[in-house]
Amino acid sequence: MTERAVLGIDVGGTGIKAALTDADGTVLGRWREATPSGDTSGVLTRDIVLGLVAAASRVAAPAAVGVVVPGVVDEEHGVCIHAVNLGWRDLAFPELFRPALEVPLAFGQDVRAGALAEAVSGAAADVTGTIAFVPVGTGLASALVIDGIPFAGGGWAGEIGQRVIQDGPHRGLRVEELASAGGIARRAGARDAKTVADAVARGDAAAIVIWNDAVDALAEALAGITVVAAPTAIVIGGGLALAGAALFEPLEHGLRERLDVVRVPQLLPARHGDEAATVGAGILARRLVAAR
């Protein structure tokens, strides 16, 4: 039923993605725009979002719009506390839409929205219990979905990449400097993490050291999530997940080494790819419609 369509929008550091879906999840249209640079007030970004709403409305008028943004986000109070990539601090982004947007607006954080997407219709759709989502891309973050609800912790939950390593040869580095796709590429002086993974497959000794450092740091972070939250499954997303067995096999081994008497969660590759946050934004919008 197109009259029950919703629009999910993911505001990223460089691009804004939107997807219009009907009640059964069928995609009715997709749109992409560049994120405006230097928009510290959020006004230019709002105008682009409103333009996407107008474009979607020519296909089917959305009953609600979901917008998710990166960084530290307090969904309860509708505030982006800090988004480095957007230059936002303490920005009440949803307030910028009053009264221009005539339909309800659901506001959220991109990683938690991606987690919701993977839990509802992605890799963990058939998994019961708590789900953890860890996108390993330019940076490293995580999110939990508990009983179908993303856990926000006042906006601060999930910043696993920001933990500072306290001992060993990498003391003083943040976890994401070792374990993110961006960190791997930077340490290797490579274009991207895939280039490093290919070098590992060829037996390049320097690449293997960097890759093993990344797997160890990531396993440590996932073990921390596991002993605290006991997720049934951890969904790994982002560019690094595309490495397949080269990542998942040593990562599972590293987890088992660190979790002697604790249940080891399933490790699953994400299903929604770079559309996860957009899909999650649409789910937030649909839940807002249902709640009303």
# chains A, B, ... in the order shown; residues from 1 in each chain; ligands from 1
>>> residues_around(residues="segment 58-70 of chain A", least_positions_apart="3", cutoff="7 Å", atoms="only C-alpha atoms", output="list in words")
Thr2, Glu3, Arg4, Ala5, Val6, Leu7, Gly8, Ile9, Asp10, Val11, Gly12, Ala54, Ala55, Ala83, Val103, Pro104, Leu105, Ala106, Phe107, Gly108, Gln109, Asp110, Ala281, Gly282, Leu284, Ala285, Arg286 and Val289 of chain A
>>> residues_around(residues="Arg186 of chain A", least_positions_apart="5", cutoff="12 Å", atoms="only C-alpha atoms", output="NGL selection string")
:A and (138-139 or 176-181 or 191-193 or 195-196 or 207 or 210-211 or 214)
>>> select_by_dssp(residues="segment 1-228 of chain A", states="alpha helix (DSSP H)", output="CSV table (one decimal) with C-alpha atoms, in the first residue's frame")
chain,number,residue,atom,x,y,z
A,43,VAL,CA,20.2,24.6,7.6
A,44,LEU,CA,21.6,23.6,4.2
A,45,THR,CA,21.4,19.9,5.1
A,46,ARG,CA,17.7,20.4,6.2
A,47,ASP,CA,17.0,22.0,2.8
A,48,ILE,CA,18.4,19.0,1.0
A,49,VAL,CA,16.4,16.6,3.2
A,50,LEU,CA,13.2,18.6,2.4
A,51,GLY,CA,14.1,18.4,-1.3
A,52,LEU,CA,14.4,14.6,-1.0
A,53,VAL,CA,11.0,14.5,0.8
A,54,ALA,CA,9.5,16.5,-2.1
A,55,ALA,CA,11.1,14.2,-4.7
A,56,ALA,CA,9.8,11.1,-2.9
A,57,SER,CA,6.3,12.7,-2.6
A,110,ASP,CA,23.2,6.0,11.9
A,111,VAL,CA,24.9,3.1,13.6
A,112,ARG,CA,22.0,2.3,15.8
A,113,ALA,CA,19.7,2.6,12.7
A,114,GLY,CA,22.0,0.2,10.9
A,115,ALA,CA,21.8,-2.2,13.8
A,116,LEU,CA,18.0,-2.1,13.8
A,117,ALA,CA,18.0,-2.8,10.0
A,118,GLU,CA,20.2,-5.9,10.4
A,119,ALA,CA,18.1,-7.1,13.4
A,120,VAL,CA,14.7,-6.6,11.7
A,175,VAL,CA,41.2,0.8,18.9
A,176,GLU,CA,39.9,2.2,15.6
A,177,GLU,CA,43.5,3.3,14.6
A,178,LEU,CA,44.3,-0.5,14.5
A,179,ALA,CA,41.0,-2.2,13.8
A,181,ALA,CA,39.3,-0.3,7.6
A,182,GLY,CA,40.6,3.2,7.5
A,183,GLY,CA,43.2,2.5,10.2
A,184,ILE,CA,44.4,-0.6,8.4
A,185,ALA,CA,44.9,1.3,5.1
A,186,ARG,CA,46.7,4.2,6.8
A,187,ARG,CA,49.1,1.9,8.7
A,188,ALA,CA,49.9,0.1,5.4
A,193,ALA,CA,41.8,-2.2,3.4
A,194,LYS,CA,41.0,-4.5,0.5
A,195,THR,CA,44.5,-3.7,-0.9
A,196,VAL,CA,45.9,-4.9,2.4
A,197,ALA,CA,43.8,-8.0,2.5
A,198,ASP,CA,44.9,-8.9,-1.0
A,199,ALA,CA,48.6,-8.4,0.1
A,200,VAL,CA,47.9,-10.7,3.1
A,201,ALA,CA,46.5,-13.4,0.7
A,205,ALA,CA,54.8,-10.2,5.8
A,206,ALA,CA,54.3,-6.5,6.6
A,207,ALA,CA,50.6,-6.7,5.6
A,208,ILE,CA,50.1,-9.8,7.7
A,209,VAL,CA,51.4,-8.0,10.8
A,210,ILE,CA,49.0,-5.1,10.2
A,211,TRP,CA,46.1,-7.4,9.6
A,212,ASN,CA,46.8,-9.5,12.7
A,213,ASP,CA,47.0,-6.3,14.8
A,214,ALA,CA,43.6,-5.3,13.4
A,215,VAL,CA,42.0,-8.7,14.1
A,216,ASP,CA,43.5,-8.8,17.7
A,217,ALA,CA,42.2,-5.3,18.5
A,218,LEU,CA,38.8,-6.1,17.0
A,219,ALA,CA,38.6,-9.4,18.9
A,220,GLU,CA,39.4,-7.6,22.1
A,221,ALA,CA,36.6,-5.0,21.5
A,222,LEU,CA,34.1,-7.7,20.6
A,223,ALA,CA,35.0,-9.7,23.7
A,224,GLY,CA,34.3,-6.6,25.8
A,225,ILE,CA,30.9,-6.3,24.2
A,226,THR,CA,30.2,-10.0,24.8
A,227,VAL,CA,31.0,-10.2,28.5
A,228,VAL,CA,28.9,-7.1,29.2
>>> atom_distance(atom1="atom CA of Gly273 of chain A", atom2="atom CA of Leu242 of chain A")
9.5 Å
>>> select_by_dssp(residues="segment 73-251 of chain A", states="strand (DSSP E or B)", output="PyMOL selection string")
chain A and resi 73-74+79-83+88-91+105-109+131-136+140+143-146+149-150+164+174+233-237
>>> residues_around(residues="Ala245 of chain A", least_positions_apart="6", cutoff="12 Å", atoms="only C-alpha atoms", output="list in words")
Ala197, Ala201, Leu251, Glu252, His253, Leu267, Leu268 and Pro269 of chain A
>>> atom_distance(atom1="atom CA of Gly71 of chain A", atom2="atom CA of Trp156 of chain A")
8.9 Å
>>> residues_around(residues="Gly158 of chain A", least_positions_apart="6", cutoff="6 Å", atoms="only C-alpha atoms", output="mmCIF file with C-alpha atoms, in the first residue's frame")
data_model
loop_
_atom_site.group_PDB
_atom_site.id
_atom_site.type_symbol
_atom_site.label_atom_id
_atom_site.label_comp_id
_atom_site.auth_asym_id
_atom_site.auth_seq_id
_atom_site.Cartn_x
_atom_site.Cartn_y
_atom_site.Cartn_z
ATOM 1 C CA ALA A 141 31.616 1.836 16.265
ATOM 2 C CA SER A 142 28.967 -0.533 17.586
ATOM 3 C CA ALA A 143 25.326 -0.701 18.573
#
